[in-house]
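Asker: This is query-v9.cif, which holds mmCIF, C-alpha atoms:
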```
data_target
loop_
_atom_site.group_PDB
_atom_site.id
_atom_site.type_symbol
_atom_site.label_atom_id
_atom_site.label_comp_id
_atom_site.auth_asym_id
_atom_site.auth_seq_id
_atom_site.Cartn_x
_atom_site.Cartn_y
_atom_site.Cartn_z
ATOM 1 C CA MET A 546 -27.072 -37.254 4.653
ATOM 2 C CA TRP A 547 -25.567 -35.105 1.889
ATOM 3 C CA LYS A 548 -25.061 -32.194 4.311
ATOM 4 C CA LYS A 549 -23.116 -34.434 6.666
ATOM 5 C CA LEU A 550 -21.053 -35.840 3.825
ATOM 6 C CA PHE A 551 -20.218 -32.591 2.036
ATOM 7 C CA GLY A 552 -20.842 -30.024 4.768
ATOM 8 C CA LYS A 553 -22.713 -26.782 4.383
ATOM 9 C CA PRO A 554 -22.367 -24.868 1.141
ATOM 10 C CA PRO A 555 -20.162 -21.764 1.214
ATOM 11 C CA ILE A 556 -21.728 -18.367 1.901
ATOM 12 C CA ARG A 557 -22.173 -16.521 -1.386
ATOM 13 C CA VAL A 558 -21.404 -12.796 -1.311
ATOM 14 C CA TRP A 559 -21.160 -9.800 -3.608
ATOM 15 C CA VAL A 560 -17.702 -8.224 -3.389
ATOM 16 C CA ILE A 561 -17.761 -4.414 -3.497
ATOM 17 C CA LYS A 562 -14.387 -2.723 -3.871
ATOM 18 C CA GLN A 563 -15.487 0.901 -3.395
ATOM 19 C CA VAL A 564 -18.718 2.773 -2.725
ATOM 20 C CA ASP A 565 -19.106 6.198 -4.361
ATOM 21 C CA ASP A 566 -22.102 8.504 -4.468
ATOM 22 C CA GLY A 567 -24.642 6.459 -6.436
ATOM 23 C CA LEU A 568 -21.995 4.072 -7.802
ATOM 24 C CA LEU A 569 -20.727 0.671 -6.681
ATOM 25 C CA HIS A 570 -17.353 -0.576 -7.894
ATOM 26 C CA LEU A 571 -18.250 -4.266 -8.050
ATOM 27 C CA CYS A 572 -15.672 -7.053 -8.261
ATOM 28 C CA GLY A 573 -18.362 -9.672 -8.736
ATOM 29 C CA GLU A 574 -19.394 -12.698 -6.744
ATOM 30 C CA GLY A 575 -17.358 -14.459 -4.134
ATOM 31 C CA HIS A 576 -17.804 -16.978 -1.379
ATOM 32 C CA ILE A 577 -16.717 -17.545 2.193
ATOM 33 C CA GLU A 578 -16.223 -21.016 3.606
ATOM 34 C CA PRO A 579 -16.718 -21.062 7.372
ATOM 35 C CA GLY A 580 -15.391 -24.116 9.203
ATOM 36 C CA SER A 581 -18.291 -24.934 11.514
ATOM 37 C CA LYS A 582 -21.947 -24.088 12.182
ATOM 38 C CA ARG A 583 -20.923 -21.602 14.886
ATOM 39 C CA ALA A 584 -18.391 -20.005 12.530
ATOM 40 C CA ARG A 585 -21.077 -19.775 9.824
ATOM 41 C CA GLU A 586 -23.383 -17.846 12.155
ATOM 42 C CA SER A 587 -20.500 -15.576 13.155
ATOM 43 C CA VAL A 588 -19.640 -14.885 9.507
ATOM 44 C CA LEU A 589 -23.267 -14.090 8.627
ATOM 45 C CA THR A 590 -23.510 -11.713 11.590
ATOM 46 C CA GLY A 591 -20.229 -10.048 10.598
ATOM 47 C CA LEU A 592 -21.422 -9.630 7.011
ATOM 48 C CA GLN A 593 -24.671 -8.015 8.129
ATOM 49 C CA ASP A 594 -22.831 -5.676 10.533
ATOM 50 C CA GLY A 595 -20.035 -4.948 8.049
ATOM 51 C CA THR A 596 -17.435 -6.242 10.515
ATOM 52 C CA TYR A 597 -16.407 -9.494 8.828
ATOM 53 C CA GLN A 598 -12.654 -10.041 8.796
ATOM 54 C CA GLY A 599 -11.162 -12.973 6.982
ATOM 55 C CA ALA A 600 -10.739 -14.623 3.636
ATOM 56 C CA VAL A 601 -13.051 -14.331 0.666
ATOM 57 C CA ALA A 602 -12.638 -16.383 -2.520
ATOM 58 C CA LEU A 603 -13.653 -14.613 -5.710
ATOM 59 C CA ALA A 604 -15.868 -16.702 -7.963
ATOM 60 C CA ASP A 605 -14.203 -15.764 -11.259
ATOM 61 C CA ASN A 606 -10.951 -17.564 -10.576
ATOM 62 C CA GLY A 607 -10.963 -18.758 -6.967
ATOM 63 C CA LEU A 608 -8.399 -16.164 -5.895
ATOM 64 C CA VAL A 609 -8.543 -15.839 -2.091
ATOM 65 C CA LEU A 610 -8.104 -12.313 -0.724
ATOM 66 C CA ASN A 611 -8.469 -10.612 2.645
ATOM 67 C CA ALA A 612 -11.774 -8.850 3.295
ATOM 68 C CA ARG A 613 -9.958 -5.661 4.377
ATOM 69 C CA LEU A 614 -9.217 -4.949 0.684
ATOM 70 C CA PHE A 615 -12.915 -4.362 0.015
ATOM 71 C CA ALA A 616 -15.410 -1.728 1.092
ATOM 72 C CA ALA A 617 -18.221 -4.237 1.602
ATOM 73 C CA LEU A 618 -19.060 -7.909 1.362
ATOM 74 C CA VAL A 619 -22.807 -8.285 0.937
ATOM 75 C CA PRO A 620 -24.650 -11.607 1.338
ATOM 76 C CA HIS A 621 -25.865 -12.726 -2.078
ATOM 77 C CA ASP A 622 -29.531 -12.151 -1.264
ATOM 78 C CA GLY A 623 -28.779 -8.627 0.072
ATOM 79 C CA LEU A 624 -27.974 -7.156 -3.352
ATOM 80 C CA HIS A 625 -29.836 -7.645 -6.604
ATOM 81 C CA LEU A 626 -28.510 -6.834 -10.088
ATOM 82 C CA ASP A 627 -31.110 -6.141 -12.761
ATOM 83 C CA ALA A 628 -30.797 -6.585 -16.521
ATOM 84 C CA ASP A 629 -29.680 -2.957 -17.001
ATOM 85 C CA GLY A 630 -26.660 -3.450 -14.733
ATOM 86 C CA LEU A 631 -28.181 -1.471 -11.883
ATOM 87 C CA ALA A 632 -27.796 -2.762 -8.330
ATOM 88 C CA HIS A 633 -30.542 -2.677 -5.723
ATOM 89 C CA TRP A 634 -28.899 -2.493 -2.290
ATOM 90 C CA GLN A 635 -29.830 -0.893 1.035
ATOM 91 C CA GLY A 636 -33.110 0.395 -0.392
ATOM 92 C CA ARG A 637 -31.357 2.359 -3.148
ATOM 93 C CA VAL A 638 -30.623 1.895 -6.825
ATOM 94 C CA TRP A 639 -26.937 2.094 -7.685
ATOM 95 C CA ARG A 640 -25.035 2.249 -10.951
ATOM 96 C CA THR A 641 -22.323 -0.372 -11.123
ATOM 97 C CA SER A 642 -18.799 -0.341 -12.442
ATOM 98 C CA GLN A 643 -16.965 -3.583 -13.111
ATOM 99 C CA VAL A 644 -13.621 -3.811 -11.283
ATOM 100 C CA PRO A 645 -11.001 -5.752 -13.275
ATOM 101 C CA GLN A 646 -8.798 -8.267 -11.466
ATOM 102 C CA ARG A 647 -5.722 -5.991 -11.545
ATOM 103 C CA CYS A 648 -7.591 -3.538 -9.269
ATOM 104 C CA TRP A 649 -8.773 -6.073 -6.677
ATOM 105 C CA THR A 650 -5.687 -5.578 -4.523
ATOM 106 C CA TYR A 651 -5.210 -1.864 -5.326
ATOM 107 C CA GLU A 652 -5.583 0.149 -2.113
ATOM 108 C CA GLY A 653 -6.104 3.609 -3.600
ATOM 109 C CA ALA A 654 -9.188 5.289 -5.030
ATOM 110 C CA LEU A 655 -10.857 3.981 -8.176
ATOM 111 C CA ILE A 656 -12.557 5.921 -10.947
ATOM 112 C CA ALA A 657 -15.200 4.644 -13.371
ATOM 113 C CA ARG A 658 -14.823 5.063 -17.122
ATOM 114 C CA ALA A 659 -17.440 4.374 -19.774
ATOM 115 C CA THR A 660 -16.736 1.586 -22.238
ATOM 116 C CA THR A 661 -17.664 1.560 -25.897
ATOM 117 C CA GLN A 662 -20.822 -0.447 -25.114
ATOM 118 C CA GLY A 663 -22.615 2.597 -23.690
ATOM 119 C CA PRO A 664 -22.999 4.818 -20.639
ATOM 120 C CA LEU A 665 -24.288 2.025 -18.390
ATOM 121 C CA ASP A 666 -21.241 -0.159 -19.047
ATOM 122 C CA LEU A 667 -18.566 1.198 -16.742
ATOM 123 C CA VAL A 668 -15.140 -0.214 -15.905
ATOM 124 C CA SER A 669 -13.134 0.857 -12.875
ATOM 125 C CA SER A 670 -9.482 1.795 -12.989
ATOM 126 C CA GLU A 671 -6.889 3.230 -10.636
ATOM 127 C CA ASP A 672 -7.148 6.967 -9.963
ATOM 128 C CA VAL A 673 -3.664 8.238 -10.808
ATOM 129 C CA SER A 674 -4.537 11.926 -11.090
ATOM 130 C CA GLY A 675 -2.486 12.735 -7.964
ATOM 131 C CA ILE A 676 0.584 11.067 -9.441
ATOM 132 C CA ARG A 677 0.108 12.898 -12.745
ATOM 133 C CA ARG A 678 -0.284 16.214 -10.931
ATOM 134 C CA ARG A 679 2.966 15.688 -9.007
ATOM 135 C CA ALA A 680 4.802 14.539 -12.140
ATOM 136 C CA SER A 681 3.705 17.518 -14.203
ATOM 137 C CA GLY A 682 4.784 19.918 -11.455
ATOM 138 C CA GLU A 683 1.398 21.465 -10.686
ATOM 139 C CA GLY A 684 1.307 23.026 -7.263
ATOM 140 C CA GLN A 685 5.078 23.431 -7.093
ATOM 141 C CA THR A 686 6.564 26.889 -6.784
ATOM 142 C CA ALA A 687 8.955 27.794 -9.558
ATOM 143 C CA SER A 688 12.399 28.768 -8.344
ATOM 144 C CA THR A 689 14.538 31.143 -10.412
ATOM 145 C CA ARG A 690 17.663 30.394 -8.380
ATOM 146 C CA LEU A 691 19.439 27.098 -8.891
ATOM 147 C CA GLN A 692 21.104 25.734 -5.769
ATOM 148 C CA PHE A 693 23.274 22.668 -5.477
ATOM 149 C CA GLY A 694 23.782 20.828 -2.204
ATOM 150 C CA ALA A 695 21.816 18.969 0.386
ATOM 151 C CA ALA A 696 18.292 20.146 1.022
ATOM 152 C CA ASP A 697 18.973 20.279 4.759
ATOM 153 C CA GLU A 698 22.348 21.973 4.428
ATOM 154 C CA LEU A 699 23.156 23.945 7.593
ATOM 155 C CA GLU A 700 26.136 26.017 6.551
ATOM 156 C CA GLY A 701 27.475 27.628 3.427
ATOM 157 C CA GLU A 702 30.812 26.970 1.774
ATOM 158 C CA ALA A 703 32.571 29.908 3.480
ATOM 159 C CA GLU A 704 31.423 28.799 6.934
ATOM 160 C CA PHE A 705 32.570 25.253 6.248
ATOM 161 C CA ALA A 706 36.007 26.421 5.036
ATOM 162 C CA GLU A 707 36.471 28.500 8.199
ATOM 163 C CA ARG A 708 35.451 25.631 10.452
ATOM 164 C CA TRP A 709 37.795 23.252 8.595
ATOM 165 C CA ARG A 710 40.711 25.743 8.909
ATOM 166 C CA ARG A 711 40.156 26.010 12.686
ATOM 167 C CA HIS A 712 40.018 22.229 12.924
ATOM 168 C CA GLN A 713 43.309 21.858 11.050
ATOM 169 C CA GLU A 714 45.003 24.489 13.254
ATOM 170 C CA GLY A 715 43.763 22.745 16.412
ATOM 171 C CA ALA A 716 45.014 19.350 15.233
ATOM 172 C CA SER A 717 48.507 20.649 14.496
ATOM 173 C CA ALA A 718 48.709 22.422 17.893
ATOM 174 C CA GLU A 719 47.726 19.238 19.748
ATOM 175 C CA ALA A 720 50.253 16.999 17.963
ATOM 176 C CA PRO A 721 53.253 16.262 20.286
ATOM 177 C CA ALA A 722 56.714 17.193 19.121
ATOM 178 C CA SER A 723 58.763 14.142 18.222
ATOM 179 C CA SER A 724 61.626 13.346 20.576
ATOM 180 C CA PRO A 725 64.600 11.068 20.022
ATOM 181 C CA GLU A 726 63.511 8.859 22.963
ATOM 182 C CA ALA A 727 60.112 8.303 21.456
ATOM 183 C CA SER A 728 61.593 7.274 18.179
ATOM 184 C CA ASP A 729 63.957 4.796 19.931
ATOM 185 C CA SER A 730 61.037 3.171 21.757
ATOM 186 C CA GLU A 731 59.083 3.038 18.516
ATOM 187 C CA ARG A 732 62.056 1.326 16.851
ATOM 188 C CA GLN A 733 62.264 -1.232 19.689
ATOM 189 C CA THR A 734 58.550 -2.000 19.333
ATOM 190 C CA GLU A 735 58.939 -2.454 15.602
ATOM 191 C CA ARG A 736 61.900 -4.824 16.135
ATOM 192 C CA ARG A 737 59.935 -6.954 18.621
ATOM 193 C CA HIS A 738 56.985 -7.256 16.286
ATOM 194 C CA GLY A 739 59.243 -7.861 13.317
ATOM 195 C CA ASP A 740 61.069 -10.743 15.128
ATOM 196 C CA GLN A 741 57.838 -12.606 15.806
#
```
Rewrite the coordinates I just gave you, this time as structure tokens.
Answerer:
Amino acid sequence: MWKKLFGKPPIRVWVIKQVDDGLLHLCGEGHIEPGSKRARESVLTGLQDGTYQGAVALADNGLVLNARLFAALVPHDGLHLDADGLAHWQGRVWRTSQVPQRCWTYEGALIARATTQGPLDLVSSEDVSGIRRRASGEGQTASTRLQFGAADELEGEAEFAERWRRHQEGASAEAPASSPEASDSERQTERRHGDQ
């Protein structure tokens, strides 16, 4: 009777943000709420195959995120955490690094840093080494010649001046000489528009 009244309980999962060699970046526990019995079976199959696509609610605060943000969603009974913070998953023992909430939606690589509690207590953070490398100028060739202008500039100043001079000469050659008749017709047009 209770199952009919409240429905099936949500599927509990472990949310893994990134898998490194011997290290799991673990967001913590989450749950998936399928709508029907058929959907529940489909979700369980997708979780086992690693093909689940959809929403997952994280247990810490109920934040609902898309499964594509995570490397793996493991059914709760598929991963075991021991007292030392080591994870037993896929027949292996993994070190774990706790992923803080600010990194849950980060789509780049994560790195693990030791906390003051000891070497087994790791916390994940964003890997910004590529940004630092670009900012510090590593890998860039030093130029001794300073050049102003557009990076895709096609012609130098002298070439531009010559082209502009030819353009100006062509424009003055094409301009018709003013005649007295033309100026009379222009005056008549101005009078008509001025009268209106």
Asker: Quick one: of A:Ile556, A:Leu571, A:Ala659, A:Leu614, who's nearest to Ser587 of chain A, counting only C-alpha atoms?
Answerer: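 Nearest candidate to Ser587 of chain A out of A:Ile556, A:Leu571, A:Ala659, A:Leu614: A:Ile556.
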Asker: Got a sec: who's within 9 Å of Leu603 of chain A, counting only C-alpha atoms, leaving out chain neighbours fewer than 2 positions off, as a PyMOL selection string?
Answerer: chain A and resi 560+572-577+601+605-610
Asker: Work out how far atom CA of Leu568 of chain A is from atom CA of Ser674 of chain A, in Å to one decimal.
Answerer: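 Calculated distance between atom CA of Ser674 of chain A and atom CA of Leu568 of chain A is 19.4 Å.
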Asker: Check the smallest atom-to-atom distance from each of A:Trp559, A:Phe615, A:Trp639, A:Trp634 to Gly653 of chain A using only C-alpha atoms, then report the winner.
Answerer: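 With only C-alpha atoms as the atom set, the closest residue is A:Phe615.
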Asker: One decimal, Å: what's the distance from atom CA of Thr596 of chain A over to atom CA of Ser581 of chain A, could you say?
Answerer: 18.7 Å
Asker: Determine the residue set returned by the PyMOL selection byres ((chain A and resi 618) around 7) for the present structure, and present it as a list of chain:residue names.
Answerer: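 When the PyMOL selection byres ((chain A and resi 618) around 7) is applied to the shown file, the picked residues are A:Val558, A:Trp559, A:Val560, A:Ile561, A:Leu592, A:Ala617, A:Val619, A:Pro620.
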Asker: When you draw a straight line from atom CA of Lys553 of chain A to atom CA of Gln593 of chain A, how long is it in Å?
Answerer: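 Interatomic distance, atom CA of Lys553 of chain A to atom CA of Gln593 of chain A: 19.2 Å.
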Asker: Excluding Glu671 of chain A and its own-chain neighbours fewer than 4 positions away, which residues fall within 8 Å of it when counting all atoms listed in the file? Please give them as a list in words.
Answerer: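 The residues satisfying every condition are Cys648, Tyr651, Gly653, Ala654, Leu655 and Ile656 of chain A.
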Asker: When the PyMOL selection byres ((chain A and resi 626) around 12) is applied to the structure above, which residues does it catch, written out as number ranges by chain?
Answerer: A: 559, 569, 571, 573-574, 621-625, 627-634, 637-642
Asker: For Arg557 of chain A, which of A:Gly580, A:Ala706, A:Leu589, A:Ser669 is the closest residue, counting only C-alpha atoms?
Answerer: A:Leu589
Asker: Nearest to Glu652 of chain A: which of A:Glu702, A:Asp565, A:Asp672, A:Asp666 is it, counting all atoms listed in the file?
Answerer: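 Closest residue, counting all atoms listed in the file: A:Asp672.
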Asker: Just need the box for segment 647-655 of chain A, edges along x, y and z, holding every atom the file lists for it with 3 Å tacked onto each side, so centre and edge lengths in Å to one decimal, as AutoDock Vina command-line options.
Answerer:
```
--center_x -8.0 --center_y -0.4 --center_z -6.8 --size_x 11.6 --size_y 17.4 --size_z 15.4
```
Asker: Between A:Ala657, A:Ser681, A:Phe705, A:Gly675, which one has atoms that come closest to Gly567 of chain A, using all atoms listed in the file?
Answerer: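 The answer is A:Ala657, which sits nearest to Gly567 of chain A.
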